[in-house]
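Data block for upload_7.txt (compact mmCIF, C-alpha atoms):
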```
# COMPACT_ATOMS: atom_id res chain seq x y z
CA MET A 1 -44.80 0.55 40.00
CA LYS A 2 -45.19 4.06 41.38
CA ILE A 3 -43.91 6.92 39.26
CA GLU A 4 -41.64 8.05 42.13
CA TRP A 5 -39.78 4.71 42.04
CA LEU A 6 -39.34 4.94 38.27
CA ILE A 7 -37.94 8.47 38.55
CA ALA A 8 -35.61 7.35 41.34
CA PHE A 9 -34.37 4.43 39.21
CA TYR A 10 -33.56 6.71 36.30
CA LEU A 11 -31.81 9.18 38.63
CA PHE A 12 -29.72 6.31 40.03
CA ILE A 13 -28.73 5.20 36.51
CA SER A 14 -27.81 8.78 35.57
CA VAL A 15 -25.66 9.22 38.67
CA MET A 16 -23.89 5.92 38.00
CA MET A 17 -23.18 6.94 34.40
CA ILE A 18 -21.74 10.26 35.52
CA ALA A 19 -19.60 8.49 38.13
CA PHE A 20 -18.38 6.02 35.51
CA ASN A 21 -17.45 8.84 33.08
CA PHE A 22 -15.53 10.74 35.76
CA GLY A 23 -13.79 7.52 36.84
CA TYR A 24 -12.85 6.69 33.27
CA LEU A 25 -11.50 10.20 32.65
CA ALA A 26 -9.41 9.94 35.83
CA TYR A 27 -8.08 6.56 34.71
CA GLU A 28 -7.19 7.92 31.25
CA LYS A 29 -5.39 10.90 32.78
CA LEU A 30 -3.44 8.64 35.15
CA HIS A 31 -2.63 6.26 32.29
CA ALA A 32 -1.39 9.16 30.13
CA LYS A 33 0.83 10.42 32.95
CA ARG A 34 2.29 6.94 33.49
CA PHE A 35 2.86 6.55 29.74
CA ASP A 36 4.63 9.94 29.55
CA ALA A 37 6.82 9.03 32.53
CA ARG A 38 7.67 5.63 31.02
CA THR A 39 8.48 7.19 27.65
CA LYS A 40 10.71 9.78 29.34
CA ARG A 41 12.62 7.08 31.23
CA LEU A 42 13.02 5.01 28.06
CA ALA A 43 14.19 8.07 26.13
CA GLU A 44 16.88 8.69 28.76
CA LEU A 45 17.87 5.02 28.73
CA LEU A 46 18.15 4.83 24.95
CA GLY A 47 19.75 8.25 24.60
CA ASP A 48 22.48 7.44 27.12
CA GLU A 49 23.20 4.06 25.52
CA ILE A 50 23.38 5.56 22.04
CA GLU A 51 25.90 8.12 23.26
CA ARG A 52 28.05 5.56 25.09
CA ASN A 53 27.71 2.34 23.08
CA ALA A 54 25.91 3.10 19.81
CA ALA A 55 27.44 0.24 17.84
CA PHE A 56 27.69 -2.29 20.70
CA PRO A 57 24.85 -1.92 23.24
CA THR A 58 25.55 -3.82 26.43
CA GLU A 59 23.80 -7.09 27.23
CA GLU A 60 22.31 -5.53 30.35
CA HIS A 61 20.82 -2.71 28.27
CA LYS A 62 19.34 -5.17 25.75
CA ARG A 63 17.74 -7.20 28.55
CA THR A 64 16.22 -4.04 30.04
CA LEU A 65 14.92 -3.00 26.64
CA GLU A 66 13.48 -6.45 26.00
CA ARG A 67 11.56 -6.39 29.29
CA ALA A 68 10.16 -2.94 28.48
CA MET A 69 9.03 -3.97 24.98
CA ARG A 70 7.12 -7.03 26.15
CA ARG A 71 4.21 -4.70 26.91
CA MET A 72 2.19 -2.86 24.31
CA ALA A 73 2.86 0.45 26.05
CA GLY A 74 6.58 -0.33 26.06
CA MET A 75 6.60 -0.90 22.31
CA GLU A 76 4.69 2.33 21.79
CA SER A 77 7.17 4.24 23.96
CA PHE A 78 10.08 2.69 22.04
CA ASP A 79 8.48 3.67 18.73
CA LEU A 80 8.02 7.30 19.78
CA THR A 81 11.45 7.54 21.38
CA MET A 82 13.35 6.08 18.43
CA GLY A 83 11.50 8.42 16.10
CA HIS A 84 12.84 11.44 18.00
CA LEU A 85 16.34 10.02 18.46
CA LEU A 86 16.64 9.16 14.78
CA GLU A 87 15.86 12.76 13.87
CA GLN A 88 18.44 14.10 16.35
CA ASN A 89 21.30 11.72 15.57
CA PRO A 90 20.63 9.54 12.50
CA ALA A 91 24.07 7.93 12.18
CA LYS A 92 24.42 6.81 15.81
CA SER A 93 20.76 5.77 16.02
CA GLU A 94 21.14 3.52 12.97
CA ARG A 95 24.22 1.87 14.49
CA TYR A 96 22.31 1.38 17.72
CA LEU A 97 19.38 -0.27 15.90
CA HIS A 98 21.79 -2.71 14.26
CA GLY A 99 23.21 -3.47 17.71
CA ILE A 100 19.85 -4.37 19.27
CA ALA A 101 18.71 -6.72 16.46
CA THR A 102 18.90 -9.72 18.81
CA VAL A 103 16.28 -8.11 21.07
CA PHE A 104 13.71 -8.64 18.31
CA ASP A 105 14.77 -12.27 17.95
CA HIS A 106 14.03 -12.85 21.65
CA LEU A 107 10.74 -10.95 21.52
CA THR A 108 9.39 -13.17 18.75
CA TYR A 109 9.18 -16.07 21.22
CA HIS A 110 7.31 -13.88 23.70
CA PHE A 111 4.77 -12.58 21.18
CA ALA A 112 4.18 -16.03 19.70
CA LYS A 113 2.00 -16.67 22.77
CA LYS A 114 0.14 -13.37 22.57
CA ASP A 115 -3.12 -12.44 20.83
CA ASP A 116 -3.37 -11.02 17.32
CA LEU A 117 -3.45 -7.41 18.52
CA HIS A 118 -0.02 -7.74 20.17
CA ARG A 119 1.41 -9.69 17.24
CA ALA A 120 0.11 -7.15 14.72
CA TYR A 121 1.76 -4.30 16.62
CA PHE A 122 4.99 -6.25 17.04
CA ALA A 123 5.07 -6.83 13.26
CA TYR A 124 4.67 -3.06 12.79
CA ILE A 125 7.58 -2.37 15.18
CA VAL A 126 9.72 -4.92 13.30
CA LYS A 127 8.96 -3.16 10.02
CA ARG A 128 9.94 0.20 11.50
CA TRP A 129 12.99 -0.58 13.60
CA TYR A 130 14.48 -3.99 12.85
CA ARG A 131 17.68 -3.50 10.87
CA GLU A 132 19.06 -6.96 10.12
CA ARG A 133 18.84 -7.59 6.35
CA PRO A 134 17.66 -10.11 5.45
CA ALA A 135 15.90 -10.91 8.70
CA GLY A 136 17.17 -13.68 10.91
CA ASN A 137 15.36 -16.98 10.57
CA THR A 138 13.52 -16.53 13.89
CA VAL A 139 11.96 -13.20 12.92
CA GLU A 140 11.26 -14.24 9.35
CA GLN A 141 9.49 -17.46 10.35
CA ALA A 142 7.44 -15.61 12.97
CA LEU A 143 6.25 -13.08 10.37
CA LEU A 144 5.35 -15.90 7.99
CA ARG A 145 3.35 -17.52 10.79
CA TYR A 146 1.46 -14.25 11.37
CA VAL A 147 0.59 -14.18 7.65
CA ARG A 148 -0.60 -17.76 7.86
CA GLU A 149 -2.49 -17.68 11.16
CA GLY A 150 -3.13 -14.07 12.13
CA SER A 151 -6.08 -11.73 11.83
CA PHE A 152 -6.46 -9.34 8.90
CA TYR A 153 -4.31 -6.64 10.56
CA ALA A 154 -1.68 -9.11 11.71
CA ARG A 155 -1.41 -10.49 8.17
CA GLN A 156 -1.19 -7.02 6.67
CA ASN A 157 1.48 -5.78 9.10
CA ALA A 158 3.47 -9.01 8.75
CA LEU A 159 3.38 -8.81 4.95
CA GLU A 160 4.55 -5.19 5.05
CA ALA A 161 7.30 -6.12 7.52
CA LEU A 162 8.50 -8.94 5.26
CA SER A 163 8.70 -6.50 2.37
CA GLN A 164 11.12 -4.42 4.44
CA VAL A 165 13.20 -7.02 6.29
CA GLY A 166 12.51 -10.39 4.68
CA SER A 167 14.18 -12.22 1.82
CA ALA A 168 12.66 -12.43 -1.65
CA ARG A 169 11.80 -16.06 -0.99
CA ALA A 170 9.99 -15.21 2.26
CA LEU A 171 7.90 -12.42 0.72
CA ALA A 172 6.95 -14.58 -2.27
CA GLU A 173 6.01 -17.42 0.09
CA ALA A 174 3.88 -15.03 2.17
CA ILE A 175 1.94 -13.98 -0.94
CA ALA A 176 1.49 -17.64 -1.91
CA THR A 177 0.30 -18.37 1.65
CA LEU A 178 -2.46 -15.78 1.35
CA GLU A 179 -3.63 -17.55 -1.81
CA ARG A 180 -3.39 -21.02 -0.33
CA ASP A 181 -5.36 -20.15 2.79
CA GLY A 182 -8.06 -18.35 0.81
CA GLU A 183 -8.14 -15.42 3.25
CA PHE A 184 -9.51 -12.10 2.02
CA HIS A 185 -6.85 -9.58 1.03
CA SER A 186 -6.78 -6.60 -1.26
CA PRO A 187 -4.77 -7.03 -4.48
CA LYS A 188 -3.47 -3.51 -3.86
CA LEU A 189 -1.82 -4.77 -0.65
CA ILE A 190 0.17 -7.31 -2.67
CA THR A 191 1.23 -4.73 -5.26
CA GLU A 192 2.35 -2.26 -2.58
CA ALA A 193 4.19 -4.93 -0.57
CA ALA A 194 6.10 -6.04 -3.67
CA LEU A 195 6.94 -2.43 -4.62
CA ALA A 196 8.18 -1.77 -1.08
CA PHE A 197 10.53 -4.78 -1.12
CA ALA A 198 13.91 -3.59 0.15
CA GLY A 199 15.95 -6.35 -1.48
CA GLU A 200 16.82 -7.01 -5.10
CA ALA A 201 13.70 -6.62 -7.24
CA THR A 202 14.97 -9.14 -9.79
CA GLU A 203 15.23 -11.80 -7.05
CA LEU A 204 11.63 -11.16 -6.01
CA GLU A 205 10.51 -11.33 -9.64
CA ALA A 206 12.19 -14.73 -10.02
CA GLU A 207 10.61 -16.07 -6.81
CA LEU A 208 7.15 -14.89 -7.83
CA LYS A 209 7.56 -16.41 -11.29
CA GLU A 210 8.19 -19.82 -9.69
CA ARG A 211 4.91 -19.61 -7.78
CA VAL A 212 2.66 -17.89 -10.32
CA GLY A 213 0.74 -21.12 -10.95
CA ARG A 214 -0.61 -20.97 -7.38
CA PHE A 215 -2.08 -17.49 -7.75
CA SER A 216 -5.68 -16.50 -8.43
CA PRO A 217 -6.47 -14.07 -11.27
CA HIS A 218 -6.77 -11.03 -9.00
CA THR A 219 -3.31 -11.75 -7.54
CA VAL A 220 -1.83 -12.27 -11.00
CA ALA A 221 -3.29 -8.89 -12.00
CA ALA A 222 -1.76 -7.32 -8.87
CA LEU A 223 1.65 -8.78 -9.75
CA VAL A 224 1.42 -7.55 -13.35
CA ASN A 225 0.70 -4.09 -11.90
CA TYR A 226 3.80 -4.49 -9.73
CA LEU A 227 5.94 -5.41 -12.75
CA ARG A 228 4.56 -2.39 -14.61
CA MET A 229 5.33 0.06 -11.81
CA ALA A 230 8.75 -1.47 -11.10
CA GLY A 231 9.79 -1.55 -14.77
CA LEU A 232 10.27 -5.31 -14.68
CA GLY A 233 8.84 -8.33 -16.44
CA ASP A 234 9.21 -10.09 -19.77
CA PRO A 235 7.09 -8.14 -22.30
CA ASP A 236 6.61 -11.22 -24.48
CA VAL A 237 5.15 -13.17 -21.54
CA ILE A 238 2.85 -10.25 -20.65
CA LEU A 239 1.81 -9.96 -24.30
CA ALA A 240 0.91 -13.66 -24.41
CA LEU A 241 -1.29 -13.16 -21.32
CA MET A 242 -2.98 -10.15 -22.93
CA ARG A 243 -3.73 -12.12 -26.09
CA ASP A 244 -5.20 -15.11 -24.25
CA GLU A 245 -9.00 -14.83 -24.60
CA ARG A 246 -9.45 -17.42 -21.83
CA GLU A 247 -7.60 -15.23 -19.32
CA ASP A 248 -9.48 -13.28 -16.64
CA LEU A 249 -10.65 -9.74 -17.48
CA GLU A 250 -8.61 -8.09 -14.70
CA VAL A 251 -5.44 -9.88 -15.78
CA ARG A 252 -5.80 -8.80 -19.40
CA LEU A 253 -6.57 -5.20 -18.40
CA ALA A 254 -3.46 -5.19 -16.20
CA CYS A 255 -1.45 -6.42 -19.19
CA ILE A 256 -2.82 -3.60 -21.36
CA ARG A 257 -1.78 -1.08 -18.69
CA TYR A 258 1.67 -2.69 -18.65
CA PHE A 259 2.19 -1.68 -22.28
CA MET A 260 0.92 1.79 -21.52
CA ARG A 261 4.00 2.23 -19.31
CA ARG A 262 6.43 0.12 -21.31
CA HIS A 263 6.63 0.68 -25.06
CA TRP A 264 6.77 -2.63 -26.90
CA PRO A 265 6.37 -2.54 -30.70
CA ALA A 266 4.99 -6.08 -30.84
CA ALA A 267 2.04 -4.99 -28.67
CA GLU A 268 0.95 -2.08 -30.89
CA ALA A 269 -1.16 -4.11 -33.33
CA ASP A 270 -2.98 -5.81 -30.44
CA LEU A 271 -3.72 -2.49 -28.75
CA LEU A 272 -5.06 -1.05 -32.03
CA LYS A 273 -7.27 -4.11 -32.42
CA LEU A 274 -8.65 -3.77 -28.90
CA ALA A 275 -9.24 -0.04 -29.34
CA SER A 276 -11.19 -0.74 -32.56
CA ASP A 277 -13.44 -3.42 -31.03
CA ASN A 278 -17.05 -2.18 -31.30
CA ASP A 279 -18.54 -4.88 -29.05
CA PRO A 280 -20.33 -2.99 -26.20
CA ALA A 281 -19.72 -5.96 -23.88
CA ARG A 282 -15.96 -5.45 -24.23
CA TRP A 283 -15.91 -1.72 -23.50
CA GLU A 284 -13.34 -2.16 -20.66
CA TYR A 285 -10.75 -3.45 -23.12
CA ARG A 286 -11.45 -0.59 -25.49
CA ALA A 287 -11.28 2.06 -22.74
CA ILE A 288 -7.94 0.90 -21.35
CA ALA A 289 -6.48 0.32 -24.83
CA ALA A 290 -7.43 3.91 -25.75
CA THR A 291 -5.30 5.11 -22.83
CA ALA A 292 -2.45 2.68 -23.57
CA LEU A 293 -2.18 4.03 -27.13
CA SER A 294 -0.78 7.26 -25.64
CA ASN A 295 2.54 5.40 -25.76
CA TYR A 296 2.10 4.48 -29.46
CA PRO A 297 1.41 7.69 -31.42
CA GLY A 298 0.83 7.35 -35.15
CA MET A 299 -1.79 7.73 -37.88
CA GLU A 300 -3.27 4.30 -37.23
CA ALA A 301 -3.66 5.12 -33.55
CA VAL A 302 -5.31 8.46 -34.39
CA GLU A 303 -7.85 6.76 -36.63
CA ALA A 304 -8.59 4.10 -34.03
CA LEU A 305 -9.08 6.76 -31.36
CA LYS A 306 -11.42 8.73 -33.62
CA GLY A 307 -13.52 5.59 -33.82
CA CYS A 308 -13.50 5.36 -30.03
CA LEU A 309 -15.09 8.83 -29.84
CA SER A 310 -18.32 7.33 -31.21
CA SER A 311 -18.48 4.58 -28.57
CA PRO A 312 -21.64 4.39 -26.43
CA SER A 313 -19.35 4.23 -23.36
CA TRP A 314 -18.42 7.56 -21.78
CA PHE A 315 -15.17 6.07 -20.47
CA VAL A 316 -14.05 5.00 -23.94
CA ARG A 317 -14.80 8.43 -25.40
CA ASN A 318 -13.12 10.20 -22.48
CA ASN A 319 -9.92 8.14 -22.67
CA ALA A 320 -9.72 8.50 -26.44
CA ALA A 321 -10.09 12.29 -26.28
CA LYS A 322 -7.43 12.55 -23.58
CA THR A 323 -4.97 10.47 -25.62
CA LEU A 324 -5.61 12.57 -28.75
CA TYR A 325 -4.90 15.71 -26.71
CA ASP A 326 -1.72 14.13 -25.33
CA TYR A 327 -0.57 13.53 -28.93
CA GLY A 328 -0.37 17.32 -29.27
CA LEU A 329 -3.18 17.60 -31.79
CA ALA A 330 -5.30 20.73 -32.16
CA LEU A 331 -9.04 20.71 -32.78
CA ASP A 332 -8.31 21.81 -36.36
CA ASP A 333 -6.44 18.53 -36.82
CA LEU A 334 -9.65 16.74 -35.86
CA ALA A 335 -11.93 18.80 -38.12
CA ASP A 336 -13.56 15.67 -39.57
CA VAL A 337 -14.84 14.80 -36.07
CA MET A 338 -15.68 18.37 -35.04
CA ASN A 339 -17.66 18.86 -38.25
CA GLY A 340 -19.09 15.34 -38.22
CA PRO A 341 -22.57 14.14 -37.29
CA ASP A 342 -21.67 12.65 -33.87
CA ALA A 343 -22.55 15.25 -31.24
CA TYR A 344 -21.17 13.09 -28.39
CA ALA A 345 -17.77 12.91 -30.11
CA ARG A 346 -17.73 16.68 -30.71
CA ASP A 347 -18.70 17.42 -27.12
CA MET A 348 -16.03 15.13 -25.68
CA LEU A 349 -13.27 16.77 -27.75
CA ALA A 350 -14.50 20.28 -26.93
CA TYR A 351 -14.72 19.39 -23.23
CA HIS A 352 -11.13 18.09 -23.05
CA TRP A 353 -9.57 20.96 -24.96
CA GLU A 354 -11.47 23.52 -22.86
CA LEU A 355 -10.49 21.68 -19.65
CA LYS A 356 -6.81 21.74 -20.60
CA ARG A 357 -7.03 25.42 -21.53
CA VAL A 358 -8.47 26.28 -18.11
CA GLU A 359 -5.84 24.15 -16.35
CA GLU A 360 -3.05 25.87 -18.27
CA GLU A 361 -4.40 29.34 -17.42
CA GLU A 362 -4.62 28.33 -13.74
CA ARG A 363 -1.04 27.05 -13.81
CA LYS A 364 0.23 30.32 -15.33
CA ARG A 365 -1.76 32.33 -12.77
CA LYS A 366 -0.15 30.44 -9.88
CA GLU A 367 3.32 30.85 -11.37
CA ALA A 368 2.76 34.61 -11.67
CA LEU A 369 1.88 34.95 -7.98
CA PRO A 370 4.63 36.41 -5.78
CA VAL A 371 6.43 33.89 -3.60
```

Final structure tokens representation of the file:
Amino acid sequence: MKIEWLIAFYLFISVMMIAFNFGYLAYEKLHAKRFDARTKRLAELLGDEIERNAAFPTEEHKRTLERAMRRMAGMESFDLTMGHLLEQNPAKSERYLHGIATVFDHLTYHFAKKDDLHRAYFAYIVKRWYRERPAGNTVEQALLRYVREGSFYARQNALEALSQVGSARALAEAIATLERDGEFHSPKLITEAALAFAGEATELEAELKERVGRFSPHTVAALVNYLRMAGLGDPDVILALMRDEREDLEVRLACIRYFMRRHWPAAEADLLKLASDNDPARWEYRAIAATALSNYPGMEAVEALKGCLSSPSWFVRNNAAKTLYDYGLALDDLADVMNGPDAYARDMLAYHWELKRVEEEERKRKEALPV
């Protein structure tokens, strides 16, 4: 092949790429203009209906809204518009959202035939703007189906939507479905979904308790974290889990953290025992127990934490020093450690007390600054 033909070929490719880029930019600009125009029309439509019939939107209006929201762009326009209208007139906008609840019921049938991208976004819109509590059976069953059959994002959005609009039974069943299907999911997602539940927390706790036998250890740990953050749970049951040597590491660590938040006298002896365990292979238990003892101040705890300062694990020493500082002790109160032979223990105590001194000086400096 002659070099002139090769140069011409590359020039042709370059020109085609430039033409494609200009064409794509023109398409994006046109699409943005159409989206802005559609959003403006929808804003006028919704604004007028809210002013005239906030509590009882007309059937004609609901049909028009349903047709608009069958497209992805229509749902996006609705989302943006309702966000602005809710800021301008919260009371009327909330009444309007209650009035259009049936629109979402109808849309569930439409999106049942769509791909996961559309269903994931519809689940997000339901979470944001659907106001029937608990959700109607149509919407609730559709969200459960997304959890069961959808992609990762569809499952996540559906689970979050159920935490806002679903019943306790539906949310608990969704969590059990994730376990049953063996799909990957972050334990943090389960904890956050449970914490975000808009219904009665005690009802959700009861529903989860019925299904706990179906859950894997990482989900049980996530649910113990939920009970800790929500201030729920039976401490004696959690204590039994913590004591069970056959239980998974993450579950037992979650139980230790539970007693860090919730003071339970029966757990103190177990926490002291874990904090005094010198087995290097069990350093995680010792590290978390050293933090949990911040809720159980006393001479026994101080002695156990002093022992932690000599651990080969940096995390154990760090947590123990922080808890000792939180007890309100001064370095003079820990003279036996500061004057002892363990340089690592001395350095960890000195580091924490110096760190807190610097943080306190910085806080005072900021408070002294003029507003």

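Near Lys306 (chain A), within a cut-off of 9 Å and counting all atoms listed in the file, sit the residues A:Ala301, A:Val302, A:Glu303, A:Ala304, A:Cys308, A:Leu309, A:Ser310, A:Arg317, A:Ala320, A:Ala321, A:Leu324, A:Leu334, A:Val337, A:Ala345, with same-chain residues fewer than 2 positions away left out.
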
Interatomic distance, CA of Val316 (chain A) to CA of Asp347 (chain A) (Å, one decimal): 13.6 Å

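Closest approach to Tyr130 (chain A) among A:Leu97, A:Ala269, A:Leu117, A:Ala194: A:Leu97, based on all atoms listed in the file.
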
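The gap separating CA of Ala154 (chain A) from CA of Arg119 (chain A) is 6.4 Å, in Å to one decimal.
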
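Our summary of the geometry notes that CA of Met82 (chain A) is positioned 11.2 Å from CA of Glu44 (chain A).
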
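Taking only C-alpha atoms into account, Leu178 (chain A) lies nearest to A:Arg148 out of the set A:Arg148, A:Arg131, A:Lys113, A:Arg52.
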
Glu51 (chain A): which residues within 12 Å, counting only C-alpha atoms, same-chain residues fewer than 5 positions away excluded, as an mmCIF file with C-alpha atoms, in the coordinates of the input?
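New file part-v8.cif:
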```cif
data_model
loop_
_atom_site.group_PDB
_atom_site.id
_atom_site.type_symbol
_atom_site.label_atom_id
_atom_site.label_comp_id
_atom_site.auth_asym_id
_atom_site.auth_seq_id
_atom_site.Cartn_x
_atom_site.Cartn_y
_atom_site.Cartn_z
ATOM 1 C CA GLU A 44 16.880 8.690 28.760
ATOM 2 C CA LEU A 45 17.870 5.020 28.730
ATOM 3 C CA LEU A 46 18.150 4.830 24.950
ATOM 4 C CA PHE A 56 27.690 -2.290 20.700
ATOM 5 C CA PRO A 57 24.850 -1.920 23.240
ATOM 6 C CA LEU A 85 16.340 10.020 18.460
ATOM 7 C CA GLN A 88 18.440 14.100 16.350
ATOM 8 C CA ASN A 89 21.300 11.720 15.570
ATOM 9 C CA ALA A 91 24.070 7.930 12.180
ATOM 10 C CA LYS A 92 24.420 6.810 15.810
ATOM 11 C CA SER A 93 20.760 5.770 16.020
ATOM 12 C CA ARG A 95 24.220 1.870 14.490
ATOM 13 C CA TYR A 96 22.310 1.380 17.720
#
```

At a cut-off of 9 Å from (2.1, 6.4, -24.8) in the coordinates of the file, what residues are picked up using only C-alpha atoms, written as a VMD selection string? chain A and resid 259 to 263 291 to 297 323 326 to 327

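Among the candidates A:Asp279, A:Asp236, A:Glu173, A:Glu367, the residue lying nearest to Ala266 (chain A) is A:Asp236 (atoms considered: only C-alpha atoms).
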